[in-house]
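**Q** One structure is given below, represented as structure tokens, and several questions about it will come after.
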Amino acid sequence: MIDTKPRTRETQFVSTREVGLWGRMLQGDRWLIILFLLPTLAFLIFLLWLPFLQGIWMSFHNWPFIGKPKWVGLQNYRDFVTASYFWTTIRATLIYSLSTVFQLGIALIAALALNQKFIPLKGIWWGIMLMPYAMPPVVTGAIWMYLLDPNLGMVTHYLIKLGILSEPIYWASDPTWAKWVITLVVSWTFWPFMFLIILSALQSIPESYYELAEVYGANLWQRFRTVTWPHIRGAVLAAFIIRIVWNLEKIDQPFQLTGGGPGYETSVLSVLTYRFAFLSGDFGMAFTVGIFLIAFMMILMIPFLRRFQILITQAGKRG
Amino acid sequence: MAQVTDRSSFVHKTLAYAGLIFVLSLILIPYSYIALTAFKPPGEVFEVEWLPREWSLEAWRYTFKTVEFQKYIFNSFIAGLGAAILSIFIAVPGAYIFGRKQLRGKEIFFYIITVALLFPYVLLIVPITITWIRIGLYDTLPGLWIAYQIFIIPFALWILRGFFAELPPSLEECAMVYGCTQFQAFYRVMLPLARPVIVSLLFMTFLIGWSDFLFSNMLTTGEGPRTASVILYVTAVGGERVEWEVLMVMTLMAGIPPVLLYILAQKQLMKTFAVRRR
């Protein structure tokens with residue numbers, strides 16, 4: 001695993017000066033590498049992969065919060081696939097995953113606007129744009145809960161005043177509206193992550209490229225297509241894939257706004273996991289649902305994986 | 001789009017300003033309404049008026065005296081701080097090796113980090129909760145600190161590895177010519193160079209701990225180190241009647257410190273994200 005070639009050369013330099021106990025222990029690459037990798041490896045093993053395997057083991061059990069687990073084999077999986085709410089929850093997850101697209105839209109608009117030279121006070125706008133992302137999701141969830149309240153919320157009030165709605169929508173008990181509300185709230189909350197990544201990609205584009213494009217008579221759209229987009233495509237793709245996974249895991253706001261209801265209508269797979277774990281204390285079933293979440297994420301990522309793979313191997317070789 | 005000032009067309013400017021105003025209004029309208037609501041007396045939250053007719057600190061008094069929300073804010077602070085410090089000790093050395101050492105098959109490291117980054121951590125609440133109960137970490141602050149690492153470390157490794165990899169390759173060798181050991185080269189040369197990135201990671205990881213609901217709700221009970229997020233959730237969902245003005249005071253108390261931190265760390269954050277452009 002460890003390439004020993006450069007080591008001999010480096011140890012020569014070390015001996016030139018008196019080194020303490022630590023120094024002696026850490027002479028040469030090998031010790032340093034092992035010592036430095038230990039915490040990260042411990043993390044990967046004890047906080048990611050072992051719990052993951054343990055979870056798979058648990059999913060074959062009827063595993064209560066307190067008490068003795070009982071082996072049930074594939075019963076949990078069978079129960080979930082045949083449950084009446086199975087397709088309801090898949091549909092909810094699909095709609096919820098659209099939040100990634102909305103986030104990309106807002107983030108692109110914001111980043112492109114803020115990257116223009118003639119815009120003044122950039123620092124202030126930047127700070128404001130990060131507010132939804134900086135605050136705890138439960139905080140922004142509470143804010144929207146109030147603003148969207150059918151009886152006393154500001155949004156309903158103005159929509160009725162403008163004649164767009166004729167009566168308040170009780171979205172928390174409406175299957176369709178409940179799904180869209182949690183999707184839009186999660187979009188509103190987390191778009192600045194993509195914004196940050198796209199903005200820094202934009203800022204790395206040399207200005208001379210634009211000047212050149214202009215010399216050739218490229219209009220606004222052509223400049224975007226030939227200069228801007230090729231430069232930010234990689235960053236957009238990376239941010240998009242990360243957000244597909246991260247958005248599907250955001251349970252704070254759905255849990256707070258609808259609690260996964262009415263019925264199972266807004267029980268996105270991750271919310272359902274949390275419902276089984278936190279509300280019913282059925283840990284075996286909770287992890288079973290989690291396995292389906294992984295499968296769902298993988299299916300969503302397939303169209304992007306080839307490009308992403310190329311991106312990763314490039315970055316991996318470069319780094 | 002073009003970064004040329006003088007020749008920017010009218011359409012170009014209009015589009016940029018329209019975009020900016022659209023996004024800013026999406027954010028500013030909700031927040032300003034909320035900030036004003038926190039100063040309304042209890043009776044006034046049921047009507048849609050921007051300015052309170054009578055400015056009132058009643059909601060603030062209730063939040064401090066009856067709910068004692070500051071206690072939970074303090075818990076959030078400690079939870080975030082501990083998680084941030086712990087994450088640096090785990091991620092910095094690992095990312096340094098991933099980013100700089102010539103090991104065979106180093107692309108594998110990149111895959112390890114990427115898989116960790118895309119790992120759906122929400123399902124880990126299941127085994128983590130059970131294990132924490134078993135080994136006595138349930139309902140304790142260290143239990144929260146360790147659990148938060150699941151969100152933090154993959155992202156921190158991703159950012160830091162990229163940063164270390166982009167530093168000039170001969171840095172350590174130079175340090176060692178001047179008599180530094182391997183460790184001293186890391187400690188005296190690499191760490192100071194990485195300070196801006198580490199600082200912004202400290203900010204971000206602190207905020208992950210401060211904001212978290214997933215683990216805080218799952219791993220603590222009423223007597224334990226409940227964080228502000230959990231109390232906010234309970235206040236918004238539990239009980240027959242929501243006291244909106246109190247809830248809005250809580251959102252301000254839990255929401256404003258992170259925003260201030262982000263603004264303080266703006267310069268470092270921009271640099272940190274710039275690293276990730278590849």
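Each chain in the structure tokens gets a letter, A, B, ..., in the order shown, and its residues are numbered from 1; ligands are numbered from 1 in order too.
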I want to know what sits within 12 Å of Leu81 of chain B, based on only C-alpha atoms, with residues of the same chain fewer than 3 positions away left out; could you give that as a PyMOL selection string?

**A** chain B and resi 74-78+84-88+141-142+144-146+148+201-211

**Q** Name the residues of segment 50-249 of chain A that fall into strand (DSSP E) according to DSSP on the backbone, using the chain letters and numbers of this document, as a PyMOL selection string.

**A** chain A and resi 61-62+70-71

**Q** Using only C-alpha atoms, which of the listed residues (B:Val23, B:Cys174, B:Ile231, B:Ala156) sits closest to chain A?

**A**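 With only C-alpha atoms as the atom set, the closest residue is B:Val23.
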
**Q** I'd like the neighbourhood of segment 271-285 of chain A as a PyMOL selection string, where a residue qualifies if any of its atoms comes within 9 Å (using only C-alpha atoms), though same-chain residues fewer than 6 positions away should be ignored.

**A** (chain A and resi 55-66+69+76-77+79-80+89+249-252+254-255+259-260+264+293) or (chain B and resi 122-123+125-127+130+214+217-218)

**Q** Near segment 146-149 of chain A, within 10 Å and counting only C-alpha atoms, which residues show up once chain neighbours fewer than 6 positions away are dropped, as a PyMOL selection string?

**A** (chain A and resi 140+155-157+168-172+181) or (chain B and resi 30+33-34+45+48+236+242+244-245+247-248)

**Q** Interatomic distance between atom CA of Leu36 of chain B and atom CA of Tyr17 of chain B?

**A**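 Computing it gives 27.1 Å between the two atoms.
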
**Q** Considering only C-alpha atoms, can you say which of B:Arg161, B:Phe89, B:Gly19, B:Ile27 comes closest to Pro192 of chain A?

**A**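 Looking only at the distances to Pro192 of chain A, the closest residue turns out to be B:Ile27.
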
**Q** Would you please work out which residue, of A:Thr189, A:Trp125, A:Leu47, A:Val227, is nearest to Ser25 of chain B when using only C-alpha atoms?

**A**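 Using only C-alpha atoms, Ser25 of chain B sits closest to A:Trp125.
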
**Q** Using only C-alpha atoms, can you tell me which of A:Tyr96, A:Phe36, A:Trp229, A:Tyr158 comes closest to chain B?

**A**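 Checking each of A:Tyr96, A:Phe36, A:Trp229, A:Tyr158 against chain B, counting only C-alpha atoms, the winner is A:Phe36.
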
**Q** In Å, with one decimal, what is the gap from atom CA of Arg306 of chain A to atom CA of Pro120 of chain B?

**A**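 Spanning atom CA of Arg306 of chain A to atom CA of Pro120 of chain B is a straight-line distance of 20.4 Å.
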
**Q** Calculated over only C-alpha atoms, which of the candidates A:Pro120, A:Gly217, A:Gly141, A:Gly290 has the smallest distance to chain B?

**A**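 Answer, going by the shortest atom-to-atom distance: A:Gly290.
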
**Q** Which residue is closest to chain A? Choose from B:Ile159, B:Leu264, B:Ile135, B:Ile90 and count only C-alpha atoms.

**A**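 Answer, going by the shortest atom-to-atom distance: B:Ile90.
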
**Q** Please provide the set of residues having any atom within 8 Å of segment 231-244 of chain A, restricted to only C-alpha atoms, with same-chain residues fewer than 6 positions apart removed, written as a PyMOL selection string.

**A** (chain A and resi 97+100+104+193-194+197-198+201-202+205+297+300-301+304+308+311) or (chain B and resi 117-118+276-278)

**Q** One number please: atom CA of Gln268 of chain B to atom CA of Phe163 of chain B, in Å, one decimal.

**A**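 Between atom CA of Gln268 of chain B and atom CA of Phe163 of chain B the gap works out to 12.7 Å.
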
**Q** Name the residues of segment 11-243 of chain B that come out as helix (DSSP H, G or I) in a backbone DSSP run; write them as a PyMOL selection string.

**A** chain B and resi 11-37+42-46+58-65+69-100+107-117+121-135+141-166+171-177+182-211+214-219+228-237

**Q** Extract, using only C-alpha atoms, all DNA, RNA and protein residues at most 12 Å from Thr40 of chain A, discarding same-chain residues fewer than 2 positions from it, and format them as a CSV table (one decimal) with N, CA and C atoms, in the first residue's frame.

**A**
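Listed below is the output, out_5.csv:
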chain,number,residue,atom,x,y,z
A,33,ILE,N,2.0,8.4,8.5
A,33,ILE,CA,0.8,8.1,7.7
A,33,ILE,C,-0.2,7.2,8.5
A,34,ILE,N,0.4,6.3,9.2
A,34,ILE,CA,-0.5,5.4,10.0
A,34,ILE,C,-1.2,6.2,11.1
A,35,LEU,N,-0.4,7.0,11.8
A,35,LEU,CA,-0.9,7.8,12.9
A,35,LEU,C,-2.0,8.8,12.4
A,36,PHE,N,-1.7,9.4,11.3
A,36,PHE,CA,-2.6,10.4,10.8
A,36,PHE,C,-3.9,9.8,10.2
A,37,LEU,N,-3.8,8.6,9.7
A,37,LEU,CA,-5.0,8.0,9.1
A,37,LEU,C,-5.9,7.4,10.2
A,38,LEU,N,-5.3,7.1,11.4
A,38,LEU,CA,-6.1,6.4,12.4
A,38,LEU,C,-7.4,7.1,12.7
A,42,ALA,N,-10.9,5.2,11.9
A,42,ALA,CA,-11.8,4.9,13.0
A,42,ALA,C,-13.2,5.4,12.7
A,43,PHE,N,-13.2,6.7,12.2
A,43,PHE,CA,-14.5,7.2,11.8
A,43,PHE,C,-15.2,6.4,10.8
A,44,LEU,N,-14.5,6.1,9.7
A,44,LEU,CA,-15.1,5.4,8.6
A,44,LEU,C,-15.6,4.0,9.0
A,45,ILE,N,-14.8,3.4,9.9
A,45,ILE,CA,-15.2,2.0,10.3
A,45,ILE,C,-16.3,2.1,11.3
A,46,PHE,N,-16.1,2.9,12.4
A,46,PHE,CA,-17.0,2.8,13.6
A,46,PHE,C,-18.2,3.6,13.5
A,47,LEU,N,-18.1,4.7,12.6
A,47,LEU,CA,-19.3,5.5,12.5
A,47,LEU,C,-20.1,5.4,11.2
A,48,LEU,N,-19.4,4.8,10.2
A,48,LEU,CA,-20.2,4.6,8.9
A,48,LEU,C,-20.4,3.1,8.6
B,86,LEU,N,-13.9,18.4,17.7
B,86,LEU,CA,-13.6,17.0,17.5
B,86,LEU,C,-13.4,16.7,16.0
B,87,SER,N,-14.2,17.4,15.1
B,87,SER,CA,-14.1,17.1,13.7
B,87,SER,C,-12.7,17.5,13.1
B,88,ILE,N,-12.2,18.6,13.7
B,88,ILE,CA,-10.9,19.0,13.1
B,88,ILE,C,-9.8,18.0,13.4
B,89,PHE,N,-9.8,17.4,14.6
B,89,PHE,CA,-8.8,16.4,15.0
B,89,PHE,C,-9.0,15.1,14.1
B,90,ILE,N,-10.2,14.8,13.7
B,90,ILE,CA,-10.4,13.6,12.8
B,90,ILE,C,-10.0,13.9,11.4
B,91,ALA,N,-10.5,15.1,10.9
B,91,ALA,CA,-10.5,15.3,9.4
B,91,ALA,C,-9.1,15.9,9.0
B,92,VAL,N,-8.5,16.7,9.7
B,92,VAL,CA,-7.3,17.4,9.2
B,92,VAL,C,-6.2,16.4,8.9
B,93,PRO,N,-5.8,15.6,9.9
B,93,PRO,CA,-4.7,14.6,9.6
B,93,PRO,C,-5.0,13.7,8.5
B,94,GLY,N,-6.2,13.2,8.5
B,94,GLY,CA,-6.6,12.2,7.4
B,94,GLY,C,-6.6,12.9,6.0
B,95,ALA,N,-7.2,14.1,5.9
B,95,ALA,CA,-7.2,14.8,4.7
B,95,ALA,C,-5.8,15.1,4.2
B,96,TYR,N,-4.9,15.4,5.2
B,96,TYR,CA,-3.5,15.7,4.8
B,96,TYR,C,-2.9,14.5,4.1
B,97,ILE,N,-3.1,13.4,4.7
B,97,ILE,CA,-2.5,12.2,4.0
B,97,ILE,C,-3.1,11.9,2.7
B,98,PHE,N,-4.5,12.0,2.6
B,98,PHE,CA,-5.2,11.8,1.4
B,98,PHE,C,-4.7,12.7,0.3
B,109,PHE,N,-8.7,6.5,-2.4
B,109,PHE,CA,-9.0,7.5,-1.3
B,109,PHE,C,-10.2,8.4,-1.7
B,112,ILE,N,-13.3,6.6,-1.5
B,112,ILE,CA,-13.7,6.4,-0.2
B,112,ILE,C,-14.4,7.7,0.3
B,113,ILE,N,-13.8,8.9,0.0
B,113,ILE,CA,-14.4,10.1,0.5
B,113,ILE,C,-15.7,10.4,-0.2
B,116,ALA,N,-18.4,8.2,1.2
B,116,ALA,CA,-18.8,8.7,2.5
B,116,ALA,C,-19.7,10.0,2.4
B,149,GLN,N,-20.4,13.8,13.9
B,149,GLN,CA,-19.3,13.6,13.0
B,149,GLN,C,-19.8,12.9,11.7
B,150,ILE,N,-20.8,12.2,11.8
B,150,ILE,CA,-21.4,11.5,10.6
B,150,ILE,C,-21.7,12.5,9.5
B,152,ILE,N,-20.4,15.6,9.4
B,152,ILE,CA,-19.4,16.6,9.2
B,152,ILE,C,-18.2,16.0,8.5
B,153,ILE,N,-17.7,14.9,8.9
B,153,ILE,CA,-16.4,14.4,8.4
B,153,ILE,C,-16.3,14.2,6.9
B,154,PRO,N,-17.3,13.6,6.3
B,154,PRO,CA,-17.1,13.4,4.8
B,154,PRO,C,-16.9,14.8,4.1
B,156,ALA,N,-15.9,17.6,5.4
B,156,ALA,CA,-14.6,18.2,5.8
B,156,ALA,C,-13.4,17.6,5.1
B,157,LEU,N,-13.5,16.2,4.9
B,157,LEU,CA,-12.4,15.5,4.2
B,157,LEU,C,-12.4,16.0,2.7
